[in-house]
Structure formats: C-alpha cells, structure tokens
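Trainee: Pasting my_file_20.cif here (mmCIF, C-alpha atoms (C1' of nucleotides)):
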```cif
data_model
#
loop_
_atom_site.label_atom_id
_atom_site.label_comp_id
_atom_site.auth_asym_id
_atom_site.auth_seq_id
_atom_site.Cartn_x
_atom_site.Cartn_y
_atom_site.Cartn_z
CA MET A 1 -0.89 -8.38 -1.40
CA ILE A 2 2.36 -9.73 -0.04
CA SER A 3 4.89 -6.89 -0.18
CA THR A 4 8.52 -7.11 -1.25
CA LYS A 5 9.49 -7.29 2.40
CA GLY A 6 7.58 -10.50 2.90
CA ARG A 7 8.75 -11.99 -0.37
CA TYR A 8 12.38 -11.02 0.09
CA ALA A 9 12.34 -12.27 3.68
CA LEU A 10 11.21 -15.65 2.44
CA ARG A 11 14.01 -15.73 -0.11
CA VAL A 12 16.54 -14.81 2.56
CA MET A 13 15.26 -17.63 4.74
CA ILE A 14 15.51 -20.05 1.84
CA ASP A 15 19.03 -18.90 1.10
CA LEU A 16 20.10 -19.27 4.72
CA ALA A 17 18.46 -22.68 4.90
CA GLU A 18 20.36 -23.86 1.84
CA HIS A 19 23.64 -22.73 3.41
CA HIS A 20 22.75 -23.77 6.91
CA GLN A 21 25.71 -26.11 7.25
CA ASP A 22 28.16 -23.28 6.39
CA GLY A 23 27.70 -21.38 9.67
CA TYR A 24 27.26 -17.63 9.59
CA ILE A 25 26.52 -16.23 6.14
CA PRO A 26 27.37 -12.58 5.34
CA LEU A 27 24.38 -10.63 4.09
CA LYS A 28 26.51 -9.53 1.15
CA ASP A 29 26.51 -13.11 -0.13
CA VAL A 30 22.75 -13.48 0.21
CA ALA A 31 22.18 -10.14 -1.52
CA MET A 32 24.49 -11.17 -4.35
CA ARG A 33 22.89 -14.56 -4.87
CA GLN A 34 19.35 -13.23 -4.66
CA GLY A 35 19.95 -10.07 -6.69
CA ILE A 36 18.52 -7.81 -4.00
CA SER A 37 20.09 -4.61 -2.63
CA LYS A 38 22.05 -5.39 0.52
CA LYS A 39 20.92 -2.13 2.08
CA TYR A 40 17.29 -3.07 1.73
CA LEU A 41 17.93 -6.56 3.02
CA GLU A 42 19.44 -5.05 6.17
CA ILE A 43 16.03 -3.65 7.08
CA ILE A 44 14.41 -6.99 6.46
CA VAL A 45 16.93 -9.14 8.31
CA LYS A 46 16.77 -6.77 11.23
CA GLU A 47 13.12 -7.68 11.67
CA LEU A 48 13.90 -11.37 11.30
CA VAL A 49 16.44 -11.02 14.11
CA ALA A 50 13.93 -9.16 16.27
CA GLY A 51 11.46 -11.96 15.58
CA LYS A 52 13.98 -14.59 16.70
CA LEU A 53 13.97 -16.32 13.34
CA VAL A 54 17.65 -15.69 12.59
CA SER A 55 20.63 -14.59 14.64
CA GLY A 56 23.46 -12.30 13.59
CA VAL A 57 27.11 -12.00 14.57
CA SER A 58 29.16 -8.90 13.81
CA GLY A 59 32.71 -8.69 12.61
CA LYS A 60 34.93 -10.73 10.37
CA GLY A 61 33.64 -14.23 9.92
CA GLY A 62 30.22 -13.05 11.06
CA GLY A 63 26.89 -12.99 9.28
CA TYR A 64 23.44 -14.49 9.76
CA LYS A 65 22.24 -17.96 10.57
CA LEU A 66 18.89 -19.64 11.17
CA CYS A 67 18.08 -20.02 14.87
CA ARG A 68 16.50 -23.44 14.39
CA ASP A 69 16.71 -26.27 11.92
CA PRO A 70 15.17 -25.39 8.55
CA GLU A 71 12.37 -27.95 8.96
CA ASP A 72 11.09 -26.13 12.04
CA TYR A 73 9.92 -23.00 10.20
CA SER A 74 6.52 -22.52 8.63
CA ILE A 75 6.02 -20.03 5.80
CA GLY A 76 3.23 -18.44 7.79
CA GLU A 77 5.35 -17.40 10.71
CA ILE A 78 7.97 -15.89 8.39
CA LEU A 79 5.41 -13.84 6.49
CA GLU A 80 3.61 -12.70 9.62
CA LYS A 81 6.84 -11.27 10.98
CA MET A 82 7.17 -9.06 7.90
CA GLU A 83 3.64 -8.15 6.86
CA PRO A 84 1.51 -5.83 8.98
CA SER A 85 -1.17 -8.48 8.67
CA LEU A 86 -1.89 -11.59 6.64
CA THR A 87 -5.58 -10.93 7.01
CA ALA A 88 -7.75 -10.09 4.01
CA VAL A 89 -9.71 -7.18 5.41
CA ALA A 90 -8.92 -4.38 7.86
CA CYS A 91 -11.89 -5.38 10.06
CA LEU A 92 -10.15 -8.64 11.01
CA ALA A 93 -6.66 -7.27 11.61
CA SER A 94 -5.36 -7.57 15.16
CA ASP A 95 -5.10 -3.80 15.55
CA ALA A 96 -8.53 -3.10 14.07
CA ALA A 97 -10.94 -0.71 15.73
CA PRO A 98 -14.11 -2.53 16.79
CA CYS A 99 -16.70 -2.25 14.02
CA PRO A 100 -20.26 -1.40 15.09
CA ARG A 101 -21.63 -3.40 12.16
CA SER A 102 -19.73 -6.59 12.92
CA SER A 103 -22.61 -8.34 14.63
CA SER A 104 -24.94 -7.79 11.69
CA CYS A 105 -22.39 -7.70 8.87
CA GLN A 106 -23.31 -10.04 6.04
CA THR A 107 -19.82 -10.14 4.60
CA LEU A 108 -17.80 -10.74 7.76
CA PRO A 109 -18.28 -14.54 7.78
CA LEU A 110 -16.93 -14.64 4.23
CA TRP A 111 -13.75 -12.78 5.18
CA ALA A 112 -13.33 -14.90 8.29
CA GLU A 113 -13.58 -18.07 6.24
CA TYR A 114 -11.03 -16.79 3.74
CA ASP A 115 -8.73 -15.80 6.59
CA LYS A 116 -8.79 -19.29 7.99
CA LEU A 117 -8.04 -20.70 4.57
CA THR A 118 -5.05 -18.36 4.22
CA HIS A 119 -3.76 -19.06 7.69
CA ASP A 120 -4.00 -22.82 7.30
CA PHE A 121 -2.30 -22.67 3.91
CA PHE A 122 0.73 -20.67 4.98
CA TYR A 123 1.18 -22.30 8.38
CA GLY A 124 0.81 -25.70 6.79
CA LYS A 125 3.69 -25.06 4.40
CA LYS A 126 7.19 -25.56 5.75
CA LEU A 127 10.34 -23.75 4.71
CA THR A 128 11.98 -27.01 3.71
CA GLU A 129 9.32 -27.55 1.04
CA LEU A 130 10.82 -24.62 -0.89
CA LEU A 131 14.43 -25.77 -0.82
CA ILE A 132 16.29 -27.19 -3.78
CA VAL A 133 18.94 -28.97 -1.79
CA MET B 1 -5.82 -6.85 1.36
CA ILE B 2 -9.31 -6.29 0.04
CA SER B 3 -9.85 -2.52 -0.05
CA THR B 4 -12.98 -0.62 0.95
CA LYS B 5 -13.92 -0.45 -2.71
CA GLY B 6 -14.14 -4.20 -2.97
CA ARG B 7 -15.88 -4.61 0.35
CA TYR B 8 -18.37 -1.81 -0.26
CA ALA B 9 -19.08 -3.09 -3.76
CA LEU B 10 -19.99 -6.44 -2.29
CA ARG B 11 -22.32 -4.80 0.20
CA VAL B 12 -23.95 -2.79 -2.59
CA MET B 13 -24.49 -5.97 -4.58
CA ILE B 14 -25.99 -7.69 -1.54
CA ASP B 15 -28.28 -4.73 -0.95
CA LEU B 16 -29.41 -4.65 -4.57
CA ALA B 17 -29.95 -8.40 -4.51
CA GLU B 18 -32.13 -8.15 -1.43
CA HIS B 19 -34.26 -5.49 -3.14
CA HIS B 20 -34.15 -7.06 -6.55
CA GLN B 21 -37.90 -7.37 -6.79
CA ASP B 22 -38.35 -3.62 -6.18
CA GLY B 23 -36.98 -2.47 -9.53
CA TYR B 24 -34.50 0.40 -9.68
CA ILE B 25 -33.07 1.34 -6.30
CA PRO B 26 -31.76 4.90 -5.75
CA LEU B 27 -28.16 4.94 -4.54
CA LYS B 28 -29.29 7.20 -1.73
CA ASP B 29 -31.26 4.31 -0.24
CA VAL B 30 -28.35 1.90 -0.47
CA ALA B 31 -25.99 4.45 1.08
CA MET B 32 -28.45 5.06 3.92
CA ARG B 33 -28.99 1.37 4.67
CA GLN B 34 -25.31 0.51 4.46
CA GLY B 35 -24.05 3.57 6.29
CA ILE B 36 -21.64 4.51 3.51
CA SER B 37 -21.20 7.95 1.91
CA LYS B 38 -23.30 8.20 -1.24
CA LYS B 39 -20.56 10.18 -2.96
CA TYR B 40 -18.06 7.41 -2.45
CA LEU B 41 -20.54 4.79 -3.57
CA GLU B 42 -20.98 6.69 -6.83
CA ILE B 43 -17.38 5.90 -7.75
CA ILE B 44 -17.89 2.27 -6.89
CA VAL B 45 -21.20 1.79 -8.67
CA LYS B 46 -19.80 3.48 -11.72
CA GLU B 47 -17.28 0.67 -12.01
CA LEU B 48 -19.96 -1.93 -11.45
CA VAL B 49 -21.92 -0.40 -14.33
CA ALA B 50 -18.82 -0.38 -16.54
CA GLY B 51 -18.32 -4.02 -15.63
CA LYS B 52 -21.89 -4.87 -16.65
CA LEU B 53 -22.79 -6.11 -13.20
CA VAL B 54 -25.49 -3.51 -12.58
CA SER B 55 -27.37 -1.05 -14.76
CA GLY B 56 -28.45 2.49 -13.90
CA VAL B 57 -31.32 4.70 -14.98
CA SER B 58 -31.27 8.47 -14.47
CA GLY B 59 -34.09 10.68 -13.37
CA LYS B 60 -37.04 10.39 -11.07
CA GLY B 61 -37.91 6.78 -10.37
CA GLY B 62 -34.43 5.77 -11.47
CA GLY B 63 -31.64 4.04 -9.63
CA TYR B 64 -29.62 0.87 -9.95
CA LYS B 65 -30.54 -2.73 -10.54
CA LEU B 66 -28.69 -6.02 -10.96
CA CYS B 67 -28.28 -7.01 -14.60
CA ARG B 68 -28.86 -10.69 -13.90
CA ASP B 69 -30.58 -12.77 -11.26
CA PRO B 70 -28.74 -12.71 -7.91
CA GLU B 71 -27.86 -16.40 -8.11
CA ASP B 72 -25.82 -15.77 -11.26
CA TYR B 73 -23.09 -13.72 -9.59
CA SER B 74 -19.97 -15.11 -7.97
CA ILE B 75 -18.13 -13.16 -5.28
CA GLY B 76 -14.96 -13.51 -7.31
CA GLU B 77 -16.19 -11.62 -10.32
CA ILE B 78 -17.51 -8.80 -8.15
CA LEU B 79 -14.21 -8.40 -6.31
CA GLU B 80 -12.13 -8.62 -9.47
CA LYS B 81 -14.03 -5.72 -10.98
CA MET B 82 -13.05 -3.53 -8.03
CA GLU B 83 -9.61 -4.66 -6.99
CA PRO B 84 -6.58 -4.02 -9.19
CA SER B 85 -5.81 -7.69 -8.68
CA LEU B 86 -6.88 -10.54 -6.44
CA THR B 87 -3.44 -12.01 -6.78
CA ALA B 88 -1.12 -12.32 -3.79
CA VAL B 89 2.10 -11.04 -5.35
CA ALA B 90 2.92 -8.43 -7.97
CA CYS B 91 4.81 -11.03 -10.06
CA LEU B 92 1.55 -12.84 -10.83
CA ALA B 93 -0.63 -9.81 -11.58
CA SER B 94 -1.94 -9.55 -15.11
CA ASP B 95 -0.09 -6.28 -15.73
CA ALA B 96 3.18 -7.51 -14.23
CA ALA B 97 6.45 -6.96 -16.01
CA PRO B 98 8.08 -10.28 -16.93
CA CYS B 99 10.46 -11.30 -14.15
CA PRO B 100 13.87 -12.63 -15.20
CA ARG B 101 13.97 -14.88 -12.15
CA SER B 102 10.61 -16.51 -12.73
CA SER B 103 12.01 -19.66 -14.30
CA SER B 104 14.32 -20.33 -11.36
CA CYS B 105 12.30 -18.68 -8.58
CA GLN B 106 11.82 -20.97 -5.62
CA THR B 107 8.90 -19.03 -4.22
CA LEU B 108 6.81 -18.61 -7.37
CA PRO B 109 5.10 -22.03 -7.15
CA LEU B 110 4.01 -21.16 -3.62
CA TRP B 111 2.36 -17.93 -4.75
CA ALA B 112 0.78 -19.65 -7.70
CA GLU B 113 -0.72 -22.32 -5.46
CA TYR B 114 -2.10 -19.70 -3.10
CA ASP B 115 -3.51 -17.77 -6.03
CA LYS B 116 -5.40 -20.79 -7.22
CA LEU B 117 -6.75 -21.36 -3.73
CA THR B 118 -7.95 -17.75 -3.58
CA HIS B 119 -9.47 -17.84 -7.03
CA ASP B 120 -11.32 -21.07 -6.40
CA PHE B 121 -12.62 -19.83 -3.07
CA PHE B 122 -14.06 -16.55 -4.31
CA TYR B 123 -15.39 -17.85 -7.61
CA GLY B 124 -16.93 -20.81 -5.82
CA LYS B 125 -18.93 -18.54 -3.53
CA LYS B 126 -22.16 -17.10 -4.91
CA LEU B 127 -23.76 -13.77 -4.07
CA THR B 128 -26.93 -15.53 -2.91
CA GLU B 129 -24.96 -17.28 -0.17
CA LEU B 130 -24.55 -13.92 1.55
CA LEU B 131 -28.19 -12.86 1.47
CA ILE B 132 -30.48 -12.82 4.48
CA VAL B 133 -33.72 -12.93 2.55
"C1'" DT C 1 -41.42 22.00 -15.05
"C1'" DA C 2 -39.46 21.06 -10.90
"C1'" DA C 3 -37.76 17.46 -8.48
"C1'" DT C 4 -35.03 13.50 -8.63
"C1'" DA C 5 -31.26 10.69 -9.67
"C1'" DA C 6 -27.45 9.17 -12.38
"C1'" DC C 7 -23.22 10.61 -14.27
"C1'" DC C 8 -18.77 13.39 -14.79
"C1'" DT C 9 -14.13 15.67 -13.66
"C1'" DA C 10 -11.11 17.15 -10.44
"C1'" DT C 11 -8.81 17.47 -6.02
"C1'" DT C 12 -6.88 16.20 -1.50
"C1'" DG C 13 -4.93 14.52 2.95
"C1'" DA C 14 -3.03 10.62 4.91
"C1'" DC C 15 -0.44 6.69 4.76
"C1'" DA C 16 2.36 2.76 3.06
"C1'" DT C 17 5.86 1.05 0.06
"C1'" DA C 18 10.37 0.44 -1.53
"C1'" DG C 19 13.95 1.79 -1.18
"C1'" DT C 20 18.70 5.14 -0.36
"C1'" DA C 21 22.29 7.41 2.46
"C1'" DG C 22 25.67 7.65 5.74
"C1'" DG C 23 27.23 6.51 9.69
"C1'" DT C 24 28.76 3.56 14.39
"C1'" DA C 25 29.88 -0.62 16.95
"C1'" DA C 26 31.60 -5.24 17.27
"C1'" DT C 27 34.70 -8.97 16.04
"C1'" DT C 28 38.46 -11.45 14.11
"C1'" DG C 29 41.86 -13.12 10.46
"C1'" DG C 30 46.39 -12.02 9.17
"C1'" DC D 1 47.30 -5.72 17.39
"C1'" DC D 2 45.04 -3.45 13.81
"C1'" DA D 3 42.82 -3.25 9.58
"C1'" DA D 4 39.39 -5.40 7.33
"C1'" DT D 5 35.01 -7.10 7.73
"C1'" DT D 6 30.37 -7.30 9.13
"C1'" DA D 7 26.35 -6.33 11.69
"C1'" DC D 8 23.67 -2.67 13.44
"C1'" DC D 9 21.56 2.13 13.77
"C1'" DT D 10 19.00 6.54 12.52
"C1'" DA D 11 17.27 9.22 9.27
"C1'" DC D 12 15.40 10.59 4.88
"C1'" DT D 13 12.67 10.51 0.41
"C1'" DA D 14 10.27 9.76 -3.88
"C1'" DT D 15 6.34 7.53 -5.52
"C1'" DG D 16 2.03 5.74 -5.44
"C1'" DT D 17 -2.40 4.18 -3.56
"C1'" DC D 18 -6.37 4.72 -0.65
"C1'" DA D 19 -10.40 6.72 0.82
"C1'" DA D 20 -12.73 9.75 0.27
"C1'" DT D 21 -14.82 15.01 -0.76
"C1'" DA D 22 -16.45 18.81 -3.82
"C1'" DG D 23 -19.09 20.74 -7.17
"C1'" DG D 24 -20.94 20.41 -11.03
"C1'" DT D 25 -23.99 18.54 -15.68
"C1'" DT D 26 -27.23 15.50 -17.95
"C1'" DA D 27 -31.23 12.59 -18.19
"C1'" DT D 28 -35.91 11.31 -16.87
"C1'" DT D 29 -40.40 11.50 -15.00
"C1'" DA D 30 -44.10 12.31 -11.46
#
```
Produce structure tokens that represent the structure in this file.
Mentor:
Amino acid sequence: MISTKGRYALRVMIDLAEHHQDGYIPLKDVAMRQGISKKYLEIIVKELVAGKLVSGVSGKGGGYKLCRDPEDYSIGEILEKMEPSLTAVACLASDAAPCPRSSSCQTLPLWAEYDKLTHDFFYGKKLTELLIV
Amino acid sequence: MISTKGRYALRVMIDLAEHHQDGYIPLKDVAMRQGISKKYLEIIVKELVAGKLVSGVSGKGGGYKLCRDPEDYSIGEILEKMEPSLTAVACLASDAAPCPRSSSCQTLPLWAEYDKLTHDFFYGKKLTELLIV
DNA sequence: TAATAACCTATTGACATAGTAGGTAATTGG
DNA sequence: CCAATTACCTACTATGTCAATAGGTTATTA
C-alpha cells in the first residue's frame, strides 16, 4: 500500500509543478490548496529536499520550487523517495535479509514479475501527465 | 506490500495442489515441508476454509484438501482472501470512507489504473502455473 | 479408546503510520 | 534595520497492524 506520505508527496509535486512559473511557493499555500496539515507536509517536503527533487529557500519571499522542469520527473522516482520500498514482498526489498529458500522458492518468480510490472508502470508515468494546466 | 499471511497462504495452496492426489493432508506435513510454524498456519488455513478455498476434516486421517481442482484457482482470489485489500491506496479500498476530493483528485486516476493492472495480473495467473509437478 | 488432527479464544512484542508540538535559523519586504 | 515571514530541526505520541505464540477443546478414526 502507498502510504499518505507517498500520496501527499505526489500532490505536493503536482502543486509545485502547476505553479512552477511563480518561483518559490510557501508551503502554507500548498497545504491550503491541498487541504493537508502544513506541519505534516514539512516532514514530507524535507525528504523531497534531501532527495534533490525540490529546493527550499528560507525567509520572506521564500518557499519551495522544483529542481528541474516538471516533464523531467517520473512518478516512480517521487514515490521511491517516500516509501520504504515499492516492492511487493519483503524478500525483494533492497534491505532484505538473504532468504535461504530463494533458490527453490516457487513463489519468488511471481513476485519478481509483479515487481517489474510495478516498476515499469510508475517509472513510465511522468509528473506532467497528472497536471491540469 | 503482500504480508506473510498472503505469501504463506499461497505456499500452502501450492503444497496442497502438489499433493492433491493424496487426499487430506495434515497441516503438520505442510508446515514441515514449507518450514513455517504450524500454529501460525492454523490461522491462515482457517481463513482459507472460511473462504471456501480448502476444506478440513478433523481426527485421525484428517487434514486439508483443495475444494476444487488446482487449475481452477487464480492467484488473485487466494491473495484477496488473506490481504485486507490488494488495492494500492486506502481511497480505493472497499471499506474506504468516501473522499470529498475524489471528484477533483488529480492522482486518483493513476491509482485506479495501477489497481486494474494489479488485479488483471493476479487474476490472470493460475495456481497451476506455480507448481513443479 | 488412545492417538491424531482440526478448530477455538486470547495474548503479546515489535514496528510502522500519521500525525502533533514547540522551537531555532535564515532571509527579506517595508 | 527590524519585524514579519518562511524554512528547518528535534522530539514525542496515539493508534493500529503484523507476525506470531500459548493453551486449550472438539471431532474422528485406526
């Protein structure tokens, strides 16, 4: 399941993309428009900054802004910054302990196939495909 | 994420399918072969029984057995019996509270499309595709 | 009739989720 | 130049889910 962090992050990115020409956007505005607590969004945007997806400037006239042009973001990379893993099963997560059954596991190929499907879907979709403007 | 319940349930179903000709299979045997605690499997199999996927018989000579032929099960229906929801976001779960933003939500179509992809993938796969025998 | 096996209720430790609270540091418009 | 604005930081917490474990009772038959 995609958590609120992933979903809200996507909405923040959409919001910033739609106001990309307006320079730095205060988080207050995004929170207002999206109907999400500003305090909670702070946590989320912090991770987006750490992931080099957006940049922030403090002080009056400051706010957040996309680092690149909106068309250069895929949904997949946004979600992967926020979710511990986009993978369907713990066995395939990047931080997974090696499983002794993996070589003989009859279900592993199924999960791997689904993982590829998921990855291709979300990395194939671009942020601009979700914009209204 | 698919939980252990879903993954173990699938392995139980595979195990029962591979021993389908042997009549009722004691859970002890399945637990032994799969390397999963029998106690935990009891919880899982109980739900499979409630979902009419397998049937159980008590007493000596008893055990569990698939209700239908192995080729008549899809992976999707097995997983949906065990997981609260196969859906990617809470908004689309069957027990979800109606969201006031749904009509204007810019991300909802994305989640819906991914949900369909997931559904089609897992319902398209059959249990027999995972068998060795 | 004793062994076997399903079936039942309850409990628990660990962890993740979805926030809240209250502050400090940086920057600039007036 | 300073007060308003805004990002940035650390910490805390309630709630719920997950992944089991524990200890029984009931049903069936070799």
Trainee: Quick one: which region 23-63 of chain B residues come within 8 Å of region 6-25 of chain C, and what is the nearest atom pair for each with the distance in Å to one decimal, counting only C-alpha atoms (C1' of nucleotides), rows ordered by chain and ascending number, as CSV?
Mentor:
```
residue,atom,partner,partner_atom,distance
B:Gly56,CA,C:DA6,C1',6.9
B:Val57,CA,C:DA6,C1',6.5
B:Ser58,CA,C:DA6,C1',4.4
B:Gly59,CA,C:DA6,C1',6.9
B:Gly62,CA,C:DA6,C1',7.8
B:Gly63,CA,C:DA6,C1',7.2
```
Trainee: Using all atoms listed in the file and a distance of at most 12 Å, pull out the residues of chain B that contact chain D, as a list in words.
Mentor: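 Contact residues on the first chain: Met1, Ile2, Ser3, Thr4, Lys5, Tyr8, Ile36, Ser37, Lys38, Lys39, Tyr40, Leu41, Glu42, Ile43, Ile44, Gly56, Val57, Ser58, Gly59, Lys60, Gly61, Gly62, Gly63, Glu83 and Pro84 of chain B.
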Trainee: Would you write out, as a tab-separated table, a table of all residues in chain B that have an atom no more than 10 Å from an atom of chain A, listing for each the closest atom pair and the distance in Å to one decimal, considering only C-alpha atoms and ordering rows by chain and rising residue number?
Mentor:
```
residue	atom	partner	partner_atom	distance
B:Met1	CA	A:Ala88	CA	4.6
B:Ile2	CA	A:Val89	CA	5.5
B:Ser3	CA	A:Val89	CA	7.2
B:Thr4	CA	A:Val89	CA	8.6
B:Gly6	CA	A:Val89	CA	9.9
B:Arg7	CA	A:Thr107	CA	8.0
B:Tyr8	CA	A:Thr107	CA	9.8
B:Leu10	CA	A:Thr107	CA	7.8
B:Arg11	CA	A:Thr107	CA	7.4
B:Ile14	CA	A:Gln106	CA	8.4
B:Gln34	CA	A:Arg101	CA	9.4
B:Gly35	CA	A:Arg101	CA	9.4
B:Ile75	CA	A:Leu110	CA	9.7
B:Ser85	CA	A:Met1	CA	8.8
B:Leu86	CA	A:Met1	CA	8.1
B:Thr87	CA	A:Met1	CA	7.0
B:Ala88	CA	A:Met1	CA	4.6
B:Val89	CA	A:Ile2	CA	5.5
B:Ala90	CA	A:Met1	CA	7.6
B:Arg101	CA	A:Gln34	CA	9.4
B:Cys105	CA	A:Arg11	CA	9.1
B:Gln106	CA	A:Leu130	CA	6.1
B:Thr107	CA	A:Leu130	CA	6.8
B:Leu108	CA	A:Leu130	CA	9.7
B:Pro109	CA	A:Leu130	CA	8.9
B:Leu110	CA	A:Leu130	CA	8.1
B:Trp111	CA	A:Ile2	CA	9.5
B:Glu113	CA	A:Phe121	CA	9.5
B:Tyr114	CA	A:Phe121	CA	7.6
B:Leu117	CA	A:Leu117	CA	8.4
B:Thr118	CA	A:Tyr114	CA	8.0
B:Phe121	CA	A:Tyr114	CA	7.6
B:Phe122	CA	A:Tyr114	CA	8.6
B:Lys125	CA	A:Leu110	CA	8.9
B:Glu129	CA	A:Leu110	CA	9.5
B:Leu130	CA	A:Gln106	CA	6.1
B:Leu131	CA	A:Gln106	CA	7.3
B:Ile132	CA	A:Gln106	CA	7.8
```
Trainee: Enumerate as a list in words the residues belonging to chain C that approach chain A to within 7 Å, with all atoms listed in the file taken into account.
Mentor: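 The complete set of qualifying residues is DG19, DA26, DT27 and DT28 of chain C.
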Trainee: Give me, please, the distance in Å between CA of Lys65 (chain B) and C1' of DT4 (chain C), quoted to one decimal.
Mentor: 16.9 Å
Trainee: In Å to one decimal, how far is CA of Leu92 (chain B) from CA of Ala112 (chain B)?
Mentor: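 The value is 7.5 Å.
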